[in-house]
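Colleague: Supplied structure: work_13.cif, mmCIF, N, CA and C atoms.
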data_data
#
loop_
_atom_site.label_atom_id
_atom_site.label_comp_id
_atom_site.auth_asym_id
_atom_site.auth_seq_id
_atom_site.Cartn_x
_atom_site.Cartn_y
_atom_site.Cartn_z
N MET A 1 41.80 56.40 279.55
CA MET A 1 41.37 57.69 279.03
C MET A 1 41.92 57.95 277.62
N ALA A 2 43.02 57.31 277.26
CA ALA A 2 43.59 57.53 275.93
C ALA A 2 42.65 56.97 274.87
N ALA A 3 42.50 57.68 273.78
CA ALA A 3 41.53 57.29 272.76
C ALA A 3 42.16 56.84 271.45
N GLY A 4 43.47 56.96 271.32
CA GLY A 4 44.12 56.56 270.07
C GLY A 4 44.12 55.06 269.87
N ASN A 5 44.37 54.61 268.66
CA ASN A 5 44.45 53.18 268.37
C ASN A 5 45.70 52.55 268.95
N VAL A 6 46.77 53.33 269.04
CA VAL A 6 48.03 52.88 269.62
C VAL A 6 48.40 53.87 270.72
N ILE A 7 48.80 53.32 271.87
CA ILE A 7 49.17 54.16 273.01
C ILE A 7 50.66 53.96 273.28
N ALA A 8 51.39 55.06 273.30
CA ALA A 8 52.83 55.01 273.57
C ALA A 8 53.09 55.51 274.98
N PHE A 9 54.07 54.88 275.63
CA PHE A 9 54.44 55.25 276.99
C PHE A 9 55.91 55.65 277.05
N ILE A 10 56.19 56.68 277.83
CA ILE A 10 57.55 57.12 278.10
C ILE A 10 57.57 57.64 279.53
N ASP A 11 58.66 57.47 280.24
CA ASP A 11 58.76 57.95 281.62
C ASP A 11 58.91 59.46 281.67
N ASP A 12 58.57 60.04 282.81
CA ASP A 12 58.72 61.48 282.98
C ASP A 12 60.18 61.90 283.10
N ASP A 13 61.08 60.92 283.31
CA ASP A 13 62.51 61.24 283.38
C ASP A 13 63.24 60.73 282.14
N ALA A 14 62.51 60.63 281.02
CA ALA A 14 63.10 60.17 279.76
C ALA A 14 62.86 61.22 278.68
N VAL A 15 63.78 61.25 277.72
CA VAL A 15 63.68 62.16 276.58
C VAL A 15 63.84 61.32 275.31
N PRO A 16 62.88 61.41 274.39
CA PRO A 16 62.97 60.61 273.17
C PRO A 16 63.87 61.25 272.13
N GLU A 17 64.46 60.41 271.30
CA GLU A 17 65.12 60.90 270.10
C GLU A 17 64.03 61.48 269.20
N PRO A 18 64.36 62.44 268.32
CA PRO A 18 63.33 63.09 267.49
C PRO A 18 62.49 62.11 266.66
N SER A 19 63.06 61.02 266.21
CA SER A 19 62.32 60.06 265.36
C SER A 19 61.74 58.90 266.17
N TRP A 20 61.80 58.99 267.48
CA TRP A 20 61.35 57.90 268.37
C TRP A 20 59.95 57.39 268.02
N LEU A 21 58.98 58.28 268.02
CA LEU A 21 57.60 57.85 267.84
C LEU A 21 57.35 57.27 266.45
N THR A 22 58.00 57.82 265.45
CA THR A 22 57.87 57.28 264.09
C THR A 22 58.36 55.84 264.04
N HIS A 23 59.53 55.58 264.63
CA HIS A 23 60.08 54.22 264.64
C HIS A 23 59.25 53.29 265.51
N LEU A 24 58.84 53.77 266.68
CA LEU A 24 58.11 52.93 267.63
C LEU A 24 56.75 52.49 267.09
N THR A 25 56.10 53.35 266.33
CA THR A 25 54.75 53.03 265.85
C THR A 25 54.72 52.42 264.45
N ALA A 26 55.82 52.46 263.72
CA ALA A 26 55.85 51.90 262.36
C ALA A 26 55.41 50.43 262.30
N PRO A 27 55.79 49.58 263.26
CA PRO A 27 55.39 48.18 263.17
C PRO A 27 53.88 47.94 263.20
N PHE A 28 53.10 48.92 263.65
CA PHE A 28 51.66 48.74 263.74
C PHE A 28 50.97 48.77 262.39
N ALA A 29 51.73 49.01 261.31
CA ALA A 29 51.18 48.86 259.97
C ALA A 29 50.80 47.41 259.72
N ASP A 30 51.45 46.49 260.44
CA ASP A 30 51.13 45.06 260.39
C ASP A 30 50.06 44.80 261.45
N PRO A 31 48.86 44.40 261.06
CA PRO A 31 47.79 44.20 262.04
C PRO A 31 48.07 43.07 263.04
N ALA A 32 49.05 42.23 262.76
CA ALA A 32 49.39 41.13 263.68
C ALA A 32 50.24 41.60 264.85
N VAL A 33 50.79 42.82 264.77
CA VAL A 33 51.63 43.35 265.84
C VAL A 33 50.77 44.00 266.91
N ALA A 34 50.98 43.57 268.16
CA ALA A 34 50.20 44.10 269.29
C ALA A 34 50.98 45.13 270.09
N ALA A 35 52.30 44.99 270.14
CA ALA A 35 53.12 45.87 270.98
C ALA A 35 54.47 46.09 270.32
N SER A 36 55.11 47.21 270.70
CA SER A 36 56.47 47.46 270.25
C SER A 36 57.24 48.12 271.38
N GLY A 37 58.54 47.93 271.33
CA GLY A 37 59.41 48.54 272.32
C GLY A 37 60.73 48.89 271.68
N GLY A 38 61.42 49.85 272.26
CA GLY A 38 62.69 50.28 271.70
C GLY A 38 63.81 50.18 272.70
N TYR A 39 64.95 50.72 272.32
CA TYR A 39 66.14 50.71 273.17
C TYR A 39 66.15 51.92 274.09
N VAL A 40 66.80 51.77 275.23
CA VAL A 40 66.88 52.83 276.22
C VAL A 40 68.34 53.16 276.48
N ILE A 41 68.70 54.42 276.28
CA ILE A 41 70.06 54.90 276.50
C ILE A 41 70.16 55.37 277.96
N GLY A 42 71.24 55.00 278.62
CA GLY A 42 71.41 55.30 280.04
C GLY A 42 71.83 56.73 280.33
N ARG A 43 72.12 56.98 281.61
CA ARG A 43 72.43 58.32 282.12
C ARG A 43 73.60 59.00 281.43
N ASN A 44 74.58 58.22 280.97
CA ASN A 44 75.75 58.85 280.36
C ASN A 44 75.49 59.31 278.93
N GLY A 45 74.31 58.99 278.39
CA GLY A 45 73.95 59.43 277.05
C GLY A 45 74.64 58.68 275.93
N ILE A 46 75.40 57.65 276.28
CA ILE A 46 76.17 56.92 275.27
C ILE A 46 75.80 55.44 275.26
N SER A 47 75.93 54.79 276.39
CA SER A 47 75.70 53.34 276.44
C SER A 47 74.22 53.03 276.68
N PHE A 48 73.84 51.84 276.29
CA PHE A 48 72.45 51.43 276.43
C PHE A 48 72.19 50.91 277.84
N GLN A 49 71.09 51.37 278.39
CA GLN A 49 70.61 50.83 279.66
C GLN A 49 69.90 49.51 279.38
N TRP A 50 69.06 49.49 278.35
CA TRP A 50 68.34 48.29 277.96
C TRP A 50 68.25 48.20 276.45
N LYS A 51 68.43 46.97 275.96
CA LYS A 51 68.25 46.68 274.54
C LYS A 51 67.22 45.56 274.45
N GLY A 52 67.25 44.78 273.40
CA GLY A 52 66.30 43.69 273.24
C GLY A 52 66.55 42.58 274.26
N ARG A 53 65.48 42.21 274.97
CA ARG A 53 65.60 41.16 275.99
C ARG A 53 64.32 40.32 276.04
N THR A 54 64.45 39.16 276.65
CA THR A 54 63.30 38.37 277.02
C THR A 54 63.22 38.40 278.54
N VAL A 55 62.07 37.98 279.07
CA VAL A 55 61.88 37.99 280.52
C VAL A 55 61.06 36.76 280.92
N ASP A 56 61.38 36.20 282.10
CA ASP A 56 60.61 35.06 282.58
C ASP A 56 59.67 35.48 283.71
N ARG A 57 58.97 34.53 284.28
CA ARG A 57 57.97 34.81 285.32
C ARG A 57 58.57 35.40 286.59
N ASN A 58 59.87 35.24 286.79
CA ASN A 58 60.55 35.79 287.96
C ASN A 58 61.21 37.13 287.65
N ALA A 59 60.87 37.71 286.51
CA ALA A 59 61.41 38.99 286.05
C ALA A 59 62.91 38.91 285.75
N GLN A 60 63.41 37.72 285.47
CA GLN A 60 64.80 37.54 285.08
C GLN A 60 64.90 37.70 283.57
N THR A 61 65.85 38.51 283.13
CA THR A 61 65.97 38.82 281.71
C THR A 61 67.16 38.11 281.07
N GLU A 62 67.08 37.95 279.76
CA GLU A 62 68.17 37.43 278.94
C GLU A 62 68.23 38.28 277.67
N THR A 63 69.43 38.45 277.15
CA THR A 63 69.63 39.22 275.92
C THR A 63 68.95 38.53 274.75
N LEU A 64 68.33 39.34 273.92
CA LEU A 64 67.66 38.86 272.73
C LEU A 64 68.54 39.20 271.54
N PRO A 65 69.06 38.21 270.82
CA PRO A 65 69.89 38.52 269.66
C PRO A 65 69.09 39.33 268.64
N MET A 66 69.65 40.46 268.23
CA MET A 66 68.94 41.36 267.33
C MET A 66 69.79 41.67 266.10
N THR A 67 69.11 41.75 264.94
CA THR A 67 69.79 42.18 263.71
C THR A 67 69.09 43.39 263.11
N GLY A 68 68.06 43.90 263.76
CA GLY A 68 67.27 45.03 263.28
C GLY A 68 65.91 44.93 263.96
N ALA A 69 64.94 45.67 263.47
CA ALA A 69 63.59 45.59 264.02
C ALA A 69 63.04 44.20 263.69
N GLU A 70 62.64 43.49 264.72
CA GLU A 70 62.19 42.12 264.53
C GLU A 70 60.90 41.85 265.29
N VAL A 71 60.05 40.99 264.69
CA VAL A 71 58.81 40.57 265.31
C VAL A 71 59.08 39.30 266.10
N PHE A 72 58.61 39.27 267.34
CA PHE A 72 58.80 38.11 268.19
C PHE A 72 57.47 37.69 268.80
N THR A 73 57.34 36.40 269.02
CA THR A 73 56.22 35.87 269.78
C THR A 73 56.82 35.18 270.98
N GLY A 74 56.46 35.62 272.16
CA GLY A 74 56.97 35.00 273.37
C GLY A 74 56.30 33.67 273.62
N THR A 75 56.62 33.08 274.74
CA THR A 75 56.00 31.84 275.18
C THR A 75 55.39 32.07 276.56
N PRO A 76 54.58 31.15 277.06
CA PRO A 76 54.03 31.34 278.40
C PRO A 76 55.10 31.46 279.49
N ASP A 77 56.30 30.92 279.23
CA ASP A 77 57.36 30.97 280.23
C ASP A 77 58.38 32.07 280.00
N ARG A 78 58.46 32.60 278.79
CA ARG A 78 59.46 33.62 278.48
C ARG A 78 58.86 34.58 277.46
N ALA A 79 58.65 35.80 277.90
CA ALA A 79 58.03 36.82 277.05
C ALA A 79 59.09 37.74 276.46
N ILE A 80 58.67 38.55 275.50
CA ILE A 80 59.53 39.58 274.94
C ILE A 80 59.41 40.78 275.87
N LYS A 81 60.56 41.28 276.34
CA LYS A 81 60.59 42.35 277.34
C LYS A 81 60.57 43.71 276.67
N THR A 82 59.60 44.50 277.02
CA THR A 82 59.61 45.91 276.65
C THR A 82 59.79 46.70 277.93
N GLU A 83 60.21 47.93 277.81
CA GLU A 83 60.44 48.79 278.98
C GLU A 83 59.33 49.81 279.07
N GLY A 84 58.85 50.06 280.26
CA GLY A 84 57.77 51.02 280.46
C GLY A 84 58.11 52.41 279.98
N THR A 85 59.38 52.71 279.91
CA THR A 85 59.82 54.02 279.44
C THR A 85 59.90 54.11 277.92
N ASN A 86 59.57 53.00 277.23
CA ASN A 86 59.69 52.98 275.78
C ASN A 86 58.85 51.84 275.20
N ILE A 87 57.56 52.00 275.26
CA ILE A 87 56.65 50.95 274.78
C ILE A 87 55.45 51.58 274.09
N ALA A 88 54.91 50.87 273.12
CA ALA A 88 53.63 51.23 272.50
C ALA A 88 52.82 49.95 272.40
N ILE A 89 51.52 50.09 272.54
CA ILE A 89 50.64 48.92 272.48
C ILE A 89 49.31 49.34 271.87
N ARG A 90 48.71 48.44 271.14
CA ARG A 90 47.39 48.71 270.60
C ARG A 90 46.41 48.89 271.76
N ARG A 91 45.62 49.93 271.68
CA ARG A 91 44.67 50.23 272.75
C ARG A 91 43.71 49.06 272.99
N ASP A 92 43.17 48.47 271.91
CA ASP A 92 42.22 47.38 272.09
C ASP A 92 42.86 46.16 272.76
N VAL A 93 44.13 45.91 272.49
CA VAL A 93 44.84 44.81 273.15
C VAL A 93 45.02 45.13 274.64
N LEU A 94 45.44 46.35 274.93
CA LEU A 94 45.63 46.75 276.32
C LEU A 94 44.32 46.62 277.11
N VAL A 95 43.22 47.05 276.52
CA VAL A 95 41.92 46.94 277.19
C VAL A 95 41.53 45.47 277.36
N ALA A 96 41.70 44.67 276.31
CA ALA A 96 41.33 43.25 276.38
C ALA A 96 42.14 42.50 277.44
N LEU A 97 43.39 42.92 277.66
CA LEU A 97 44.24 42.27 278.67
C LEU A 97 44.02 42.83 280.07
N GLY A 98 43.13 43.80 280.20
CA GLY A 98 42.83 44.36 281.51
C GLY A 98 43.77 45.48 281.93
N GLY A 99 44.55 46.00 280.98
CA GLY A 99 45.46 47.10 281.29
C GLY A 99 46.61 46.67 282.18
N PHE A 100 47.24 47.65 282.78
CA PHE A 100 48.33 47.38 283.72
C PHE A 100 47.72 47.00 285.06
N ASP A 101 48.27 45.98 285.68
CA ASP A 101 47.77 45.53 286.98
C ASP A 101 48.12 46.58 288.03
N PRO A 102 47.13 47.15 288.72
CA PRO A 102 47.42 48.19 289.71
C PRO A 102 48.18 47.67 290.93
N ALA A 103 48.31 46.36 291.05
CA ALA A 103 49.10 45.80 292.16
C ALA A 103 50.58 46.16 292.00
N PHE A 104 50.99 46.46 290.77
CA PHE A 104 52.36 46.89 290.51
C PHE A 104 52.36 48.41 290.43
N ALA A 105 52.69 49.06 291.50
CA ALA A 105 52.57 50.52 291.58
C ALA A 105 53.43 51.24 290.55
N PHE A 106 54.68 50.80 290.34
CA PHE A 106 55.55 51.50 289.40
C PHE A 106 56.66 50.62 288.86
N TYR A 107 56.77 49.40 289.30
CA TYR A 107 57.89 48.56 288.90
C TYR A 107 57.36 47.22 288.43
N VAL A 108 57.88 46.69 287.38
CA VAL A 108 57.53 45.45 286.68
C VAL A 108 56.08 45.42 286.19
N ASP A 109 55.41 46.57 286.17
CA ASP A 109 54.05 46.60 285.63
C ASP A 109 54.06 46.24 284.15
N GLU A 110 55.06 46.73 283.41
CA GLU A 110 55.14 46.38 282.00
C GLU A 110 55.59 44.94 281.82
N THR A 111 56.38 44.41 282.75
CA THR A 111 56.81 43.01 282.68
C THR A 111 55.60 42.09 282.82
N ASP A 112 54.72 42.41 283.75
CA ASP A 112 53.48 41.65 283.90
C ASP A 112 52.68 41.68 282.61
N LEU A 113 52.57 42.85 282.00
CA LEU A 113 51.86 42.96 280.73
C LEU A 113 52.58 42.16 279.64
N ASN A 114 53.91 42.24 279.61
CA ASN A 114 54.70 41.46 278.64
C ASN A 114 54.40 39.98 278.75
N MET A 115 54.24 39.48 279.99
CA MET A 115 53.98 38.06 280.21
C MET A 115 52.58 37.66 279.74
N ARG A 116 51.64 38.60 279.77
CA ARG A 116 50.27 38.29 279.34
C ARG A 116 50.09 38.35 277.83
N LEU A 117 50.95 39.09 277.13
CA LEU A 117 50.83 39.20 275.67
C LEU A 117 50.93 37.85 274.96
N PRO A 118 51.97 37.03 275.20
CA PRO A 118 52.04 35.76 274.48
C PRO A 118 50.94 34.77 274.89
N LEU A 119 50.46 34.88 276.12
CA LEU A 119 49.38 34.00 276.56
C LEU A 119 48.13 34.23 275.72
N ALA A 120 47.98 35.45 275.23
CA ALA A 120 46.84 35.79 274.37
C ALA A 120 47.19 35.68 272.89
N GLY A 121 48.40 35.19 272.58
CA GLY A 121 48.82 34.98 271.19
C GLY A 121 49.30 36.21 270.47
N HIS A 122 49.70 37.25 271.20
CA HIS A 122 50.11 38.50 270.57
C HIS A 122 51.60 38.54 270.27
N ARG A 123 51.93 39.34 269.27
CA ARG A 123 53.32 39.52 268.84
C ARG A 123 53.83 40.89 269.27
N THR A 124 55.13 40.94 269.55
CA THR A 124 55.82 42.16 269.96
C THR A 124 56.98 42.41 269.01
N VAL A 125 57.18 43.65 268.65
CA VAL A 125 58.32 44.04 267.81
C VAL A 125 59.29 44.84 268.68
N ILE A 126 60.56 44.50 268.60
CA ILE A 126 61.61 45.30 269.22
C ILE A 126 62.24 46.14 268.11
N VAL A 127 62.26 47.46 268.32
CA VAL A 127 62.71 48.41 267.30
C VAL A 127 63.95 49.14 267.82
N PRO A 128 65.15 48.71 267.43
CA PRO A 128 66.37 49.35 267.94
C PRO A 128 66.44 50.86 267.70
N MET A 129 65.87 51.35 266.62
CA MET A 129 65.95 52.78 266.31
C MET A 129 64.97 53.64 267.11
N ALA A 130 64.04 53.02 267.80
CA ALA A 130 63.11 53.76 268.67
C ALA A 130 63.81 53.93 270.02
N GLN A 131 64.54 55.02 270.16
CA GLN A 131 65.41 55.20 271.33
C GLN A 131 64.98 56.38 272.20
N VAL A 132 65.09 56.15 273.52
CA VAL A 132 64.88 57.22 274.49
C VAL A 132 66.09 57.27 275.42
N HIS A 133 66.34 58.45 275.94
CA HIS A 133 67.38 58.66 276.94
C HIS A 133 66.70 58.65 278.29
N HIS A 134 67.13 57.80 279.18
CA HIS A 134 66.50 57.64 280.48
C HIS A 134 67.39 58.22 281.56
N GLY A 135 66.97 59.33 282.14
CA GLY A 135 67.78 60.02 283.16
C GLY A 135 67.40 59.62 284.57
N PHE A 136 67.27 58.33 284.81
CA PHE A 136 66.87 57.84 286.12
C PHE A 136 67.86 58.31 287.19
N PRO A 137 67.38 58.50 288.44
CA PRO A 137 68.28 58.95 289.51
C PRO A 137 69.35 57.91 289.81
N PRO A 138 70.52 58.37 290.29
CA PRO A 138 71.61 57.42 290.60
C PRO A 138 71.21 56.49 291.74
#
Write out the structure in this file as structure tokens.
Modeller:
Amino acid sequence: MAAGNVIAFIDDDAVPEPSWLTHLTAPFADPAVAASGGYVIGRNGISFQWKGRTVDRNAQTETLPMTGAEVFTGTPDRAIKTEGTNIAIRRDVLVALGGFDPAFAFYVDETDLNMRLPLAGHRTVIVPMAQVHHGFPP
């Protein structure tokens, strides 16, 4: 139903920093960028719940060394991990990839999408300054 060129997602239990959307969407000035994701601050409001990571087909993650906003291209075996509570994607890419798989009701749906992005040759940018506070239940 969204009609914009870029669609941003945030959870209903998350609050963005005031400059979140500006930082998250800035990478789309490069037409080669298909998706972007930012950092997620945890319940205590201080430490990060999630930063830059990669993910494999078993949803196992590894830390992604970061020095700032960086463009990454995943591989068929290891994709660039974005979080559903802090992701933006080009609408045409999301449509071409078939959207989020409804088989994933609420968990790892973005991971599945992350795994399909490199298979289609798309690039993802991780933007450390695009931050949201995630107040997930204990």
Colleague: Please expand the PyMOL selection byres ((chain A and resi 15-30) around 5) into the concrete residues it hits in this file, giving the result as a PyMOL selection string.
Modeller: chain A and resi 13-14+31-33+130-133
Colleague: Would you please extract all helix (DSSP H, G or I) residues from range 8-112 of chain A, as assigned by DSSP on the backbone, and give them as a PDB file with N, CA and C atoms, in the coordinates of the input?
Modeller:
ATOM      1  N   TRP A  20      61.800  58.990 267.480  1.00  0.00           N
ATOM      2  CA  TRP A  20      61.350  57.900 268.370  1.00  0.00           C
ATOM      3  C   TRP A  20      59.950  57.390 268.020  1.00  0.00           C
ATOM      4  N   LEU A  21      58.980  58.280 268.020  1.00  0.00           N
ATOM      5  CA  LEU A  21      57.600  57.850 267.840  1.00  0.00           C
ATOM      6  C   LEU A  21      57.350  57.270 266.450  1.00  0.00           C
ATOM      7  N   THR A  22      58.000  57.820 265.450  1.00  0.00           N
ATOM      8  CA  THR A  22      57.870  57.280 264.090  1.00  0.00           C
ATOM      9  C   THR A  22      58.360  55.840 264.040  1.00  0.00           C
ATOM     10  N   HIS A  23      59.530  55.580 264.630  1.00  0.00           N
ATOM     11  CA  HIS A  23      60.080  54.220 264.640  1.00  0.00           C
ATOM     12  C   HIS A  23      59.250  53.290 265.510  1.00  0.00           C
ATOM     13  N   LEU A  24      58.840  53.770 266.680  1.00  0.00           N
ATOM     14  CA  LEU A  24      58.110  52.930 267.630  1.00  0.00           C
ATOM     15  C   LEU A  24      56.750  52.490 267.090  1.00  0.00           C
ATOM     16  N   THR A  25      56.100  53.350 266.330  1.00  0.00           N
ATOM     17  CA  THR A  25      54.750  53.030 265.850  1.00  0.00           C
ATOM     18  C   THR A  25      54.720  52.420 264.450  1.00  0.00           C
ATOM     19  N   ALA A  26      55.820  52.460 263.720  1.00  0.00           N
ATOM     20  CA  ALA A  26      55.850  51.900 262.360  1.00  0.00           C
ATOM     21  C   ALA A  26      55.410  50.430 262.300  1.00  0.00           C
ATOM     22  N   PRO A  27      55.790  49.580 263.260  1.00  0.00           N
ATOM     23  CA  PRO A  27      55.390  48.180 263.170  1.00  0.00           C
ATOM     24  C   PRO A  27      53.880  47.940 263.200  1.00  0.00           C
ATOM     25  N   PHE A  28      53.100  48.920 263.650  1.00  0.00           N
ATOM     26  CA  PHE A  28      51.660  48.740 263.740  1.00  0.00           C
ATOM     27  C   PHE A  28      50.970  48.770 262.390  1.00  0.00           C
ATOM     28  N   ALA A  29      51.730  49.010 261.310  1.00  0.00           N
ATOM     29  CA  ALA A  29      51.180  48.860 259.970  1.00  0.00           C
ATOM     30  C   ALA A  29      50.800  47.410 259.720  1.00  0.00           C
ATOM     31  N   ARG A  91      45.620  49.930 271.680  1.00  0.00           N
ATOM     32  CA  ARG A  91      44.670  50.230 272.750  1.00  0.00           C
ATOM     33  C   ARG A  91      43.710  49.060 272.990  1.00  0.00           C
ATOM     34  N   ASP A  92      43.170  48.470 271.910  1.00  0.00           N
ATOM     35  CA  ASP A  92      42.220  47.380 272.090  1.00  0.00           C
ATOM     36  C   ASP A  92      42.860  46.160 272.760  1.00  0.00           C
ATOM     37  N   VAL A  93      44.130  45.910 272.490  1.00  0.00           N
ATOM     38  CA  VAL A  93      44.840  44.810 273.150  1.00  0.00           C
ATOM     39  C   VAL A  93      45.020  45.130 274.640  1.00  0.00           C
ATOM     40  N   LEU A  94      45.440  46.350 274.930  1.00  0.00           N
ATOM     41  CA  LEU A  94      45.630  46.750 276.320  1.00  0.00           C
ATOM     42  C   LEU A  94      44.320  46.620 277.110  1.00  0.00           C
ATOM     43  N   VAL A  95      43.220  47.050 276.520  1.00  0.00           N
ATOM     44  CA  VAL A  95      41.920  46.940 277.190  1.00  0.00           C
ATOM     45  C   VAL A  95      41.530  45.470 277.360  1.00  0.00           C
ATOM     46  N   ALA A  96      41.700  44.670 276.310  1.00  0.00           N
ATOM     47  CA  ALA A  96      41.330  43.250 276.380  1.00  0.00           C
ATOM     48  C   ALA A  96      42.140  42.500 277.440  1.00  0.00           C
ATOM     49  N   ASP A 109      55.410  46.570 286.170  1.00  0.00           N
ATOM     50  CA  ASP A 109      54.050  46.600 285.630  1.00  0.00           C
ATOM     51  C   ASP A 109      54.060  46.240 284.150  1.00  0.00           C
ATOM     52  N   GLU A 110      55.060  46.730 283.410  1.00  0.00           N
ATOM     53  CA  GLU A 110      55.140  46.380 282.000  1.00  0.00           C
ATOM     54  C   GLU A 110      55.590  44.940 281.820  1.00  0.00           C
ATOM     55  N   THR A 111      56.380  44.410 282.750  1.00  0.00           N
ATOM     56  CA  THR A 111      56.810  43.010 282.680  1.00  0.00           C
ATOM     57  C   THR A 111      55.600  42.090 282.820  1.00  0.00           C
ATOM     58  N   ASP A 112      54.720  42.410 283.750  1.00  0.00           N
ATOM     59  CA  ASP A 112      53.480  41.650 283.900  1.00  0.00           C
ATOM     60  C   ASP A 112      52.680  41.680 282.610  1.00  0.00           C
TER      61      ASP A 112
END
Colleague: Within 10 Å of (69.8, 51.7, 269.0), only C-alpha atoms: residues as a list of chain:residue names?
Modeller: A:Gly38, A:Tyr39, A:Val40, A:Ile41, A:Ser47, A:Phe48, A:Trp50, A:Lys51, A:Gly52, A:Gly68, A:Val127, A:Pro128, A:Met129, A:Ala130, A:Gln131, A:Val132
Colleague: With the file shown as input, list the residues that the PyMOL selection byres ((chain A and resi 109-114) around 7) selects, as a ChimeraX atom specification.
Modeller: /A:59,79-84,99-101,104-108,115-119
Colleague: Those same residues - N, CA and C atoms - I'd like them written as a PDB file, in the coordinates of the input.
Modeller:
ATOM      1  N   ALA A  59      60.870  37.710 286.510  1.00  0.00           N
ATOM      2  CA  ALA A  59      61.410  38.990 286.050  1.00  0.00           C
ATOM      3  C   ALA A  59      62.910  38.910 285.750  1.00  0.00           C
ATOM      4  N   ALA A  79      58.650  35.800 277.900  1.00  0.00           N
ATOM      5  CA  ALA A  79      58.030  36.820 277.050  1.00  0.00           C
ATOM      6  C   ALA A  79      59.090  37.740 276.460  1.00  0.00           C
ATOM      7  N   ILE A  80      58.670  38.550 275.500  1.00  0.00           N
ATOM      8  CA  ILE A  80      59.530  39.580 274.940  1.00  0.00           C
ATOM      9  C   ILE A  80      59.410  40.780 275.870  1.00  0.00           C
ATOM     10  N   LYS A  81      60.560  41.280 276.340  1.00  0.00           N
ATOM     11  CA  LYS A  81      60.590  42.350 277.340  1.00  0.00           C
ATOM     12  C   LYS A  81      60.570  43.710 276.670  1.00  0.00           C
ATOM     13  N   THR A  82      59.600  44.500 277.020  1.00  0.00           N
ATOM     14  CA  THR A  82      59.610  45.910 276.650  1.00  0.00           C
ATOM     15  C   THR A  82      59.790  46.700 277.930  1.00  0.00           C
ATOM     16  N   GLU A  83      60.210  47.930 277.810  1.00  0.00           N
ATOM     17  CA  GLU A  83      60.440  48.790 278.980  1.00  0.00           C
ATOM     18  C   GLU A  83      59.330  49.810 279.070  1.00  0.00           C
ATOM     19  N   GLY A  84      58.850  50.060 280.260  1.00  0.00           N
ATOM     20  CA  GLY A  84      57.770  51.020 280.460  1.00  0.00           C
ATOM     21  C   GLY A  84      58.110  52.410 279.980  1.00  0.00           C
ATOM     22  N   GLY A  99      44.550  46.000 280.980  1.00  0.00           N
ATOM     23  CA  GLY A  99      45.460  47.100 281.290  1.00  0.00           C
ATOM     24  C   GLY A  99      46.610  46.670 282.180  1.00  0.00           C
ATOM     25  N   PHE A 100      47.240  47.650 282.780  1.00  0.00           N
ATOM     26  CA  PHE A 100      48.330  47.380 283.720  1.00  0.00           C
ATOM     27  C   PHE A 100      47.720  47.000 285.060  1.00  0.00           C
ATOM     28  N   ASP A 101      48.270  45.980 285.680  1.00  0.00           N
ATOM     29  CA  ASP A 101      47.770  45.530 286.980  1.00  0.00           C
ATOM     30  C   ASP A 101      48.120  46.580 288.030  1.00  0.00           C
ATOM     31  N   PHE A 104      50.990  46.460 290.770  1.00  0.00           N
ATOM     32  CA  PHE A 104      52.360  46.890 290.510  1.00  0.00           C
ATOM     33  C   PHE A 104      52.360  48.410 290.430  1.00  0.00           C
ATOM     34  N   ALA A 105      52.690  49.060 291.500  1.00  0.00           N
ATOM     35  CA  ALA A 105      52.570  50.520 291.580  1.00  0.00           C
ATOM     36  C   ALA A 105      53.430  51.240 290.550  1.00  0.00           C
ATOM     37  N   PHE A 106      54.680  50.800 290.340  1.00  0.00           N
ATOM     38  CA  PHE A 106      55.550  51.500 289.400  1.00  0.00           C
ATOM     39  C   PHE A 106      56.660  50.620 288.860  1.00  0.00           C
ATOM     40  N   TYR A 107      56.770  49.400 289.300  1.00  0.00           N
ATOM     41  CA  TYR A 107      57.890  48.560 288.900  1.00  0.00           C
ATOM     42  C   TYR A 107      57.360  47.220 288.430  1.00  0.00           C
ATOM     43  N   VAL A 108      57.880  46.690 287.380  1.00  0.00           N
ATOM     44  CA  VAL A 108      57.530  45.450 286.680  1.00  0.00           C
ATOM     45  C   VAL A 108      56.080  45.420 286.190  1.00  0.00           C
ATOM     46  N   MET A 115      54.240  39.480 279.990  1.00  0.00           N
ATOM     47  CA  MET A 115      53.980  38.060 280.210  1.00  0.00           C
ATOM     48  C   MET A 115      52.580  37.660 279.740  1.00  0.00           C
ATOM     49  N   ARG A 116      51.640  38.600 279.770  1.00  0.00           N
ATOM     50  CA  ARG A 116      50.270  38.290 279.340  1.00  0.00           C
ATOM     51  C   ARG A 116      50.090  38.350 277.830  1.00  0.00           C
ATOM     52  N   LEU A 117      50.950  39.090 277.130  1.00  0.00           N
ATOM     53  CA  LEU A 117      50.830  39.200 275.670  1.00  0.00           C
ATOM     54  C   LEU A 117      50.930  37.850 274.960  1.00  0.00           C
ATOM     55  N   PRO A 118      51.970  37.030 275.200  1.00  0.00           N
ATOM     56  CA  PRO A 118      52.040  35.760 274.480  1.00  0.00           C
ATOM     57  C   PRO A 118      50.940  34.770 274.890  1.00  0.00           C
ATOM     58  N   LEU A 119      50.460  34.880 276.120  1.00  0.00           N
ATOM     59  CA  LEU A 119      49.380  34.000 276.560  1.00  0.00           C
ATOM     60  C   LEU A 119      48.130  34.230 275.720  1.00  0.00           C
TER      61      LEU A 119
END
Colleague: Give the strand (DSSP E) residues of range 66-103 of chain A, as DSSP finds them on the backbone, and put them as number ranges by chain.
Modeller: A: 70-72, 78-81, 87-90
Colleague: Need the shell around Leu94 in chain A: protein/DNA/RNA residues with any atom at most 10 Å away, counting only C-alpha atoms. Skip same-chain ones fewer than 3 positions apart. Format as a ChimeraX atom specification?
Modeller: /A:6-7,34-35,88-91,97-100,113,117
Colleague: In Å, rounded to a single decimal, give me how far atom N of Asp11 in chain A is from atom N of Arg78 in chain A.
Modeller: 24.9 Å
Colleague: Suppose you want the space between CA of Thr124 in chain A and CA of Asn44 in chain A; what is it in Å?
Modeller: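 Between CA of Thr124 in chain A and CA of Asn44 in chain A the gap works out to 28.0 Å.
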Colleague: Measuring between only C-alpha atoms, which one of A:His122, A:Thr67, A:Phe72, A:Gln49 shows the shortest distance to Asp92 in chain A?
Modeller: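 Among A:His122, A:Thr67, A:Phe72, A:Gln49, it is A:His122 that comes nearest to Asp92 in chain A.
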